[in-house]
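Working notes, structure below.
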Amino acid sequence: MLDIAVAYNKYKFLGNEFLTWLWYVIENEISINELTKIKDKQIVLKIGNSIVLENSLGDDAKEKISIKGDDAGLEEGTMALKKGGVVTEINLNLKIDEAEYRFTIKGESMNITGLKTPPSGKIEGPDEVEGAVLEKIFLCSNVFEIVDALYSSYIKRRISDNWTAGDLAAMRKWVQI
Amino acid sequence: MGLLSSSLSVARYRVEGEIEGSLVETVKQGLKKNAVTEIEDEYAEITIGWTPFESPFEPDFEKFTFTFGTYFLFTLRIDKKSVPSKIVQKQVAMEITKRLKESGREFVSKNEKTDIKEMITEKLMRQMPSVPNMYDVLWIPEDNSLMFCTTQKAANEELETLFKNSFKLKLIRLFPFTMADGCKDFSDQDRDKIAKLVPIKYSR
């Protein structure tokens with residue numbers, strides 16, 4: 001096992017590439033259920049209200065493009081992709097059956113921030129704390145289950161012999177449109 | 001930074017290592033032994049310890065539970081003292097003026113100024129109450145995972161250290177490499193391939 005700090009820096013590109021792939025998956029309406037192999041619930045994923053891309057310009061110089069706002073146009077983002085950029089942070093809307101979740105994932109750390117789960121009942125007394133905790137854990141676990149399954153699906157594709165001719169070729173075609 | 005807050009930030013970990021004997025009892029002892037101390041040490045800049053999820057200011061693990069269903073839930077409390085730099089600046093300036101007036105000198109040396117600053121900072125630190133920050137820790141023993149309700153680097157580093165000291169278990173932070181490397185979906189051959197991956201360009 002590599003030193004943790006070395007592994008973090010050496011492979012943070014994988015998180016950014018994963019988020020870029022996720023954008024491609026969403027834009028091309030590829031089934032999240034099929035990718036995650038989760039069959040017992042209907043999963044819909046959409047871009048939320050922010051996306052951040054980074055384009056390396058060499059010599060440690062970087063160009064950063066942030067797009068924020070509900071229903072914001074993503075033209076600058078696609079332009080950045082064409083120039084070789086990758087998504088470094090993305091806000092997502094996740095719908096599992098009728099329940100809606102919002103959160104932001106940062107590529108290099110895979111940290112989840114601003115996670116908003118469906119509202120649960122107010123805690124009226126100490127007896128209700130355990131129920132509220134267990135409900136919140138269940139709701140958070142739903143998000144992690146899907147993020148982990150999507151990441152695993154991405155990595156499987158990324159190391160498969162079919163990657164270059166399959167997903168990578170399709171993504172490059174999408175980027176150029 | 002609470003699990004039940006409406007907007008949650010999460011850093012995730014894998015728990016590595018084995019606990020011999022009763023898991024619940026070992027965790028309880030680890031929490032009790034490393035509970036945050038309520039007696040303020042006037043010289044301590046920072047105090048770190050565990051406190052029950054339901055009782056941030058009464059760190060009593062006999063009175064309050066840390067088991068919720070099959071999960072362990074407790075809170076990391078970091079009490080930190082800090083003196084605003086502008087207060088230090090003001091007090092240093094006042095002390096210098098006082099000394100100059102008393103001695104009739106026109107200036108103080110660089111070394112004396114440094115000594116005054118150190119003395120003032122130490123004095124203010126003693127007087128300053130510490131500010132408590134609470135971050136919830138959700139430990140899921142059934143899959144050896146852990147969720148920490150903040151992504152702040154300093155708090156995560158404190159968690160990793162205190163967790164190791166308390167339970168003699170190691171926390172492995174989940175980020176792109178460790179998520180792939182620790183995933184049960186992958187064989188050793190897959191892991192070799194993951195280790196050899198290099199960045200690609202999605203643009204032509």
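Every chain in the structure tokens has a letter given in the order shown (A, B, ...), and although residue numbers restart at 1 in each chain, ligands are simply numbered from 1 in the order shown.
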Would you give me, as an MDAnalysis selection string, the residues of chain B that come within 7 Å of chain A, using only C-alpha atoms?
chainID B and resid 4 6:11 68 151 175:177 180 193:194 199 201:204
Based on the selection just made, write C-alpha atoms of those residues as a PDB file, in the first residue's frame.
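result.pdb was written with the following content:
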```pdb
ATOM      1  CA  LEU B   4     -29.114  15.624  12.067  1.00  0.00           C
ATOM      2  CA  SER B   6     -30.277  19.905   7.363  1.00  0.00           C
ATOM      3  CA  SER B   7     -27.086  20.246   5.341  1.00  0.00           C
ATOM      4  CA  LEU B   8     -24.338  17.755   5.999  1.00  0.00           C
ATOM      5  CA  SER B   9     -20.672  17.579   5.003  1.00  0.00           C
ATOM      6  CA  VAL B  10     -19.068  14.189   5.225  1.00  0.00           C
ATOM      7  CA  ALA B  11     -15.595  12.691   5.093  1.00  0.00           C
ATOM      8  CA  PHE B  68     -27.930   3.514  18.124  1.00  0.00           C
ATOM      9  CA  THR B 151     -14.547  17.880   5.796  1.00  0.00           C
ATOM     10  CA  PHE B 175     -10.550   9.259  -1.503  1.00  0.00           C
ATOM     11  CA  PRO B 176     -10.303   8.153  -5.150  1.00  0.00           C
ATOM     12  CA  PHE B 177      -7.418   5.706  -4.692  1.00  0.00           C
ATOM     13  CA  ALA B 180     -10.960   1.820  -5.530  1.00  0.00           C
ATOM     14  CA  LYS B 193      -4.396  -2.205 -13.161  1.00  0.00           C
ATOM     15  CA  ILE B 194      -5.802   0.596 -10.960  1.00  0.00           C
ATOM     16  CA  PRO B 199      -4.536  10.666 -16.377  1.00  0.00           C
ATOM     17  CA  LYS B 201      -7.616  13.593 -21.860  1.00  0.00           C
ATOM     18  CA  TYR B 202     -11.276  13.457 -22.721  1.00  0.00           C
ATOM     19  CA  SER B 203     -10.708  16.041 -25.419  1.00  0.00           C
ATOM     20  CA  ARG B 204      -8.906  15.039 -28.608  1.00  0.00           C
TER      21      ARG B 204
END
```
Can you tell me which residues surround B:Pro84 at a distance of at most 12 Å, considering only C-alpha atoms, apart from same-chain residues fewer than 5 positions away, and format the answer as number ranges by chain?
B: 89-91, 120-121, 124-125, 128
Which residues are close to B:Glu42, i.e. within 10 Å by only C-alpha atoms, leaving aside same-chain residues fewer than 5 positions away? Reply as a VMD selection string.
chain B and resid 81 122 to 123 125 to 130
Output C-alpha atoms of each residue in that selection to a file, as a short mmCIF file (atom, residue, chain, number, x, y, z; two decimals), in the first residue's frame.
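Writing the result to result.cif gives the following:
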```cif
data_model
loop_
_atom_site.label_atom_id
_atom_site.label_comp_id
_atom_site.auth_asym_id
_atom_site.auth_seq_id
_atom_site.Cartn_x
_atom_site.Cartn_y
_atom_site.Cartn_z
CA LYS B 81 -8.68 29.21 22.38
CA GLU B 122 0.10 34.25 26.92
CA LYS B 123 -1.81 36.54 29.28
CA MET B 125 -4.75 33.14 26.18
CA ARG B 126 -5.21 32.45 29.88
CA GLN B 127 -8.10 34.87 30.10
CA MET B 128 -9.80 33.74 26.90
CA PRO B 129 -12.51 31.08 27.17
CA SER B 130 -12.14 28.26 24.65
#
```
Can you pull out the residues contacting A:Glu29? Cut-off 12 Å, using only C-alpha atoms, and skip same-chain residues under 4 positions away; I want them as number ranges by chain.
A: 22-25, 33-35, 43-47
Excluding A:Glu63 and its own-chain neighbours fewer than 3 positions away, which residues fall within 9 Å of it when counting only C-alpha atoms? Please give them as a list in words.
Leu53, Glu54, Asn55, Ser56, Leu57, Ala80 and Gly85 of chain A
According to DSSP computed on the backbone, where in stretch 19-91 of chain A is there strand (DSSP E)? Give the residues as an mmCIF file with C-alpha atoms, in the first residue's frame.
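Contents of out_33.cif, as written:
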```cif
data_model
loop_
_atom_site.group_PDB
_atom_site.id
_atom_site.type_symbol
_atom_site.label_atom_id
_atom_site.label_comp_id
_atom_site.auth_asym_id
_atom_site.auth_seq_id
_atom_site.Cartn_x
_atom_site.Cartn_y
_atom_site.Cartn_z
ATOM 1 C CA ILE A 43 -32.775 6.262 -9.605
ATOM 2 C CA VAL A 44 -32.557 9.533 -11.514
ATOM 3 C CA LEU A 45 -29.468 11.753 -11.394
ATOM 4 C CA LYS A 46 -29.296 15.335 -12.630
ATOM 5 C CA ILE A 47 -26.763 18.140 -12.553
ATOM 6 C CA GLY A 48 -27.622 20.473 -9.678
ATOM 7 C CA ASN A 49 -26.842 24.136 -9.318
ATOM 8 C CA SER A 50 -23.061 24.188 -9.646
ATOM 9 C CA ILE A 51 -20.195 22.640 -11.533
ATOM 10 C CA VAL A 52 -16.502 23.485 -11.374
ATOM 11 C CA LEU A 53 -13.972 22.526 -14.039
ATOM 12 C CA GLU A 54 -10.231 22.846 -14.107
ATOM 13 C CA ASN A 55 -7.914 22.934 -17.066
ATOM 14 C CA SER A 56 -4.214 22.449 -16.599
ATOM 15 C CA LEU A 57 -2.224 24.992 -18.608
ATOM 16 C CA GLY A 58 1.179 23.485 -17.800
ATOM 17 C CA ALA A 61 -0.887 27.024 -14.014
ATOM 18 C CA LYS A 62 -4.566 26.176 -13.979
ATOM 19 C CA GLU A 63 -7.698 27.646 -15.467
ATOM 20 C CA LYS A 64 -10.769 27.282 -13.251
ATOM 21 C CA ILE A 65 -14.312 27.588 -14.547
ATOM 22 C CA SER A 66 -17.195 27.776 -12.049
ATOM 23 C CA ILE A 67 -20.803 27.714 -13.180
ATOM 24 C CA LYS A 68 -23.409 28.405 -10.525
ATOM 25 C CA VAL A 86 -12.056 18.032 -16.194
ATOM 26 C CA VAL A 87 -14.832 18.405 -13.653
ATOM 27 C CA THR A 88 -13.382 18.911 -10.172
ATOM 28 C CA GLU A 89 -16.617 19.532 -8.268
ATOM 29 C CA ILE A 90 -20.258 18.926 -9.096
ATOM 30 C CA ASN A 91 -23.572 19.516 -7.380
#
```
Who sits within 8 Å of B:Arg173, only C-alpha atoms, same chain under 3 positions skipped, as a VMD selection string:
chain B and resid 11 to 14 178
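Look at B:Asp60: the protein and nucleic acid residues within 12 Å of it, using only C-alpha atoms and passing over chain neighbours fewer than 5 places away, are Lys28, Gln29, Leu31, Lys32, Lys33, Asn34, Ala35, Val36, Thr37, Glu38, Gly49, Trp50, Thr51, Pro52, Phe53, Glu54, Ser55, Thr65, Phe66, Phe74 and Thr75 of chain B.
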Grab the residues selected above and save them as a short mmCIF file (atom, residue, chain, number, x, y, z; two decimals), in the first residue's frame with C-alpha atoms.
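Result written to out.cif:
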```cif
data_model
loop_
_atom_site.label_atom_id
_atom_site.label_comp_id
_atom_site.auth_asym_id
_atom_site.auth_seq_id
_atom_site.Cartn_x
_atom_site.Cartn_y
_atom_site.Cartn_z
CA LYS B 28 -17.08 2.40 25.68
CA GLN B 29 -13.82 2.26 27.60
CA LEU B 31 -14.61 6.81 24.77
CA LYS B 32 -14.60 7.19 28.55
CA LYS B 33 -10.83 7.27 28.76
CA ASN B 34 -10.57 9.89 26.05
CA ALA B 35 -13.68 11.91 26.86
CA VAL B 36 -13.23 15.64 26.61
CA THR B 37 -12.29 17.10 29.94
CA GLU B 38 -14.58 19.75 31.35
CA GLY B 49 -11.97 14.54 23.32
CA TRP B 50 -15.13 12.51 22.86
CA THR B 51 -18.54 13.43 24.16
CA PRO B 52 -21.91 11.67 23.74
CA PHE B 53 -23.97 12.60 20.69
CA GLU B 54 -26.87 13.67 22.87
CA SER B 55 -24.81 15.53 25.42
CA THR B 65 -25.52 6.04 25.08
CA PHE B 66 -23.26 5.80 22.06
CA PHE B 74 -20.62 9.93 19.34
CA THR B 75 -19.11 13.38 18.97
#
```
Name the residues of stretch 97-160 of chain A that fall into helix (DSSP H, G or I) according to DSSP on the backbone, using the chain letters and numbers of this document, as a PyMOL selection string.
chain A and resi 126-158
Export C-alpha atoms of the chosen residues as a PDB file, in the first residue's frame?
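Contents of the output file result-v8.pdb:
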```pdb
ATOM      1  CA  PRO A 126     -35.500  12.451  23.876  1.00  0.00           C
ATOM      2  CA  ASP A 127     -37.371   9.234  23.034  1.00  0.00           C
ATOM      3  CA  GLU A 128     -37.449  10.221  19.396  1.00  0.00           C
ATOM      4  CA  VAL A 129     -33.691  10.813  18.973  1.00  0.00           C
ATOM      5  CA  GLU A 130     -32.796   7.220  18.148  1.00  0.00           C
ATOM      6  CA  GLY A 131     -35.513   6.979  15.497  1.00  0.00           C
ATOM      7  CA  ALA A 132     -34.370  10.251  13.902  1.00  0.00           C
ATOM      8  CA  VAL A 133     -30.732   9.118  13.943  1.00  0.00           C
ATOM      9  CA  LEU A 134     -31.522   5.765  12.341  1.00  0.00           C
ATOM     10  CA  GLU A 135     -33.670   7.444   9.694  1.00  0.00           C
ATOM     11  CA  LYS A 136     -30.898   9.928   8.853  1.00  0.00           C
ATOM     12  CA  ILE A 137     -28.317   7.134   8.643  1.00  0.00           C
ATOM     13  CA  PHE A 138     -30.616   5.248   6.280  1.00  0.00           C
ATOM     14  CA  LEU A 139     -31.071   8.336   4.079  1.00  0.00           C
ATOM     15  CA  CYS A 140     -27.323   9.095   3.978  1.00  0.00           C
ATOM     16  CA  SER A 141     -26.535   5.443   3.239  1.00  0.00           C
ATOM     17  CA  ASN A 142     -28.771   5.630   0.157  1.00  0.00           C
ATOM     18  CA  VAL A 143     -26.570   8.368  -1.271  1.00  0.00           C
ATOM     19  CA  PHE A 144     -23.286   6.631  -0.419  1.00  0.00           C
ATOM     20  CA  GLU A 145     -24.526   3.339  -1.853  1.00  0.00           C
ATOM     21  CA  ILE A 146     -25.220   4.982  -5.211  1.00  0.00           C
ATOM     22  CA  VAL A 147     -22.047   7.100  -5.291  1.00  0.00           C
ATOM     23  CA  ASP A 148     -19.934   4.037  -4.426  1.00  0.00           C
ATOM     24  CA  ALA A 149     -21.686   1.864  -7.014  1.00  0.00           C
ATOM     25  CA  LEU A 150     -21.217   4.529  -9.700  1.00  0.00           C
ATOM     26  CA  TYR A 151     -17.550   4.965  -8.815  1.00  0.00           C
ATOM     27  CA  SER A 152     -17.004   1.207  -8.867  1.00  0.00           C
ATOM     28  CA  SER A 153     -18.761   1.020 -12.242  1.00  0.00           C
ATOM     29  CA  TYR A 154     -16.503   3.805 -13.565  1.00  0.00           C
ATOM     30  CA  ILE A 155     -13.319   2.138 -12.333  1.00  0.00           C
ATOM     31  CA  LYS A 156     -14.394  -1.217 -13.828  1.00  0.00           C
ATOM     32  CA  ARG A 157     -14.841   0.470 -17.190  1.00  0.00           C
ATOM     33  CA  ARG A 158     -11.652   2.478 -16.829  1.00  0.00           C
TER      34      ARG A 158
END
```
Across B:Lys110, B:Ile96, B:Arg77, B:Lys168, the smallest distance to B:Ala155, with only C-alpha atoms counted, is shown by B:Arg77
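With only C-alpha atoms as the atoms that count, the minimum distance from B:Gly182 to the choices B:Leu3, B:Glu160, B:Val15, B:Val24 is reached by B:Val15.
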